Amino acid sequence: MDGTDRHVHVDARMLRDGPAVRGMPAATFGLVGDAPSTVTTGCGQRVPYAMTSRRPESVTCLPCREHAAAEHLRQAERLERLAGSPGTTVPEEQVRRAADRLRDLARRFADG
């Protein structure tokens, strides 16, 4: 990043690498990992982690908003497919609520 980009982006891996994922080792083993200093964004740039947000209302980069909306919809579909799989122990209603929350986030990113 050359310092001229003032947009707030979204981390391309926001659904796979987030504070909750980094917090698991802390809760389990007492190990605290640092947040990355830079991340690859939904639009393909590499920016400081501080220039990203998980909140749709804060993201100002249109390609990042589109990426986040698509990722949230994709994750909602994955969840619903898993809910119908044999051996799934999570109640279907709980999966449906989680998928609905992901779809709501996708809508908020898309409406930007």
# chains A, B, ... in the order shown; residues from 1 in each chain; ligands from 1
>>> residues_around(residues="Cys43 in chain A", least_positions_apart="2", cutoff="12 Å", atoms="only C-alpha atoms", output="compact mmCIF listing (two decimals) with N, CA, C and O atoms, in the first residue's frame")
# COMPACT_ATOMS: atom_id res chain seq x y z
N HIS A 7 -9.58 3.98 1.54
CA HIS A 7 -10.76 3.14 1.71
C HIS A 7 -10.59 2.18 2.88
O HIS A 7 -9.48 1.78 3.21
N VAL A 8 -11.71 1.82 3.47
CA VAL A 8 -11.74 0.76 4.47
C VAL A 8 -12.13 -0.50 3.70
O VAL A 8 -13.11 -0.50 2.96
N HIS A 9 -11.34 -1.54 3.87
CA HIS A 9 -11.50 -2.77 3.11
C HIS A 9 -12.05 -3.88 4.00
O HIS A 9 -12.29 -3.69 5.18
N VAL A 10 -12.19 -5.05 3.41
CA VAL A 10 -12.58 -6.24 4.15
C VAL A 10 -11.49 -7.29 3.94
O VAL A 10 -10.96 -7.43 2.84
N ASP A 11 -11.11 -7.96 5.01
CA ASP A 11 -10.12 -9.03 4.93
C ASP A 11 -10.71 -10.16 4.08
O ASP A 11 -11.83 -10.62 4.34
N ALA A 12 -9.98 -10.60 3.07
CA ALA A 12 -10.48 -11.65 2.17
C ALA A 12 -10.80 -12.93 2.93
O ALA A 12 -11.64 -13.72 2.49
N ARG A 13 -10.16 -13.15 4.05
CA ARG A 13 -10.37 -14.39 4.82
C ARG A 13 -11.19 -14.12 6.09
O ARG A 13 -11.06 -14.85 7.06
N VAL A 39 -3.04 -7.61 5.66
CA VAL A 39 -3.89 -8.69 5.15
C VAL A 39 -4.18 -8.46 3.68
O VAL A 39 -4.08 -7.34 3.18
N THR A 40 -4.55 -9.53 2.99
CA THR A 40 -5.04 -9.41 1.63
C THR A 40 -6.53 -9.16 1.70
O THR A 40 -7.24 -9.80 2.46
N THR A 41 -6.98 -8.20 0.92
CA THR A 41 -8.38 -7.78 0.99
C THR A 41 -9.23 -8.47 -0.07
O THR A 41 -8.71 -9.12 -0.97
N GLN A 45 -5.94 -6.24 -2.77
CA GLN A 45 -4.82 -5.42 -2.29
C GLN A 45 -4.28 -5.98 -0.99
O GLN A 45 -4.94 -6.77 -0.32
N ARG A 46 -3.10 -5.56 -0.64
CA ARG A 46 -2.51 -5.89 0.66
C ARG A 46 -2.49 -4.58 1.45
O ARG A 46 -1.87 -3.62 1.02
N VAL A 47 -3.22 -4.55 2.56
CA VAL A 47 -3.34 -3.32 3.35
C VAL A 47 -3.10 -3.63 4.83
O VAL A 47 -3.19 -4.78 5.26
N THR A 52 -9.10 -2.40 7.75
CA THR A 52 -10.17 -3.34 7.40
C THR A 52 -11.25 -3.28 8.48
O THR A 52 -11.02 -2.82 9.59
N VAL A 59 -17.18 -0.49 5.69
CA VAL A 59 -16.38 -0.83 4.51
C VAL A 59 -16.74 0.12 3.37
O VAL A 59 -17.90 0.20 2.96
N THR A 60 -15.74 0.85 2.85
CA THR A 60 -15.97 1.83 1.79
C THR A 60 -15.48 1.38 0.42
O THR A 60 -15.77 2.03 -0.57
N CYS A 61 -14.77 0.28 0.35
CA CYS A 61 -14.27 -0.25 -0.93
C CYS A 61 -15.37 -1.11 -1.57
O CYS A 61 -15.76 -2.15 -1.01
N LEU A 62 -15.88 -0.68 -2.72
CA LEU A 62 -16.98 -1.40 -3.37
C LEU A 62 -16.62 -2.84 -3.74
O LEU A 62 -17.41 -3.75 -3.44
N PRO A 63 -15.44 -3.11 -4.34
CA PRO A 63 -15.11 -4.51 -4.64
C PRO A 63 -15.03 -5.38 -3.37
O PRO A 63 -15.41 -6.55 -3.39
N CYS A 64 -14.58 -4.81 -2.27
CA CYS A 64 -14.53 -5.56 -1.00
C CYS A 64 -15.93 -5.85 -0.50
O CYS A 64 -16.21 -6.93 0.02
N ARG A 65 -16.83 -4.89 -0.64
CA ARG A 65 -18.22 -5.11 -0.22
C ARG A 65 -18.84 -6.23 -1.03
O ARG A 65 -19.53 -7.09 -0.49
N GLU A 66 -18.60 -6.23 -2.36
CA GLU A 66 -19.12 -7.28 -3.23
C GLU A 66 -18.54 -8.64 -2.84
O GLU A 66 -19.26 -9.64 -2.79
N HIS A 67 -17.24 -8.67 -2.55
CA HIS A 67 -16.59 -9.92 -2.13
C HIS A 67 -17.21 -10.43 -0.83
O HIS A 67 -17.55 -11.62 -0.72
N ALA A 68 -17.38 -9.55 0.14
CA ALA A 68 -17.93 -9.95 1.44
C ALA A 68 -19.37 -10.45 1.29
O ALA A 68 -19.75 -11.45 1.92
>>> residues_around(residues="Leu79 in chain A", least_positions_apart="3", cutoff="8 Å", atoms="only C-alpha atoms", output="list in words")
Gln75, Ala76, Leu82, Ala83, Val95, Ala98 and Ala99 of chain A
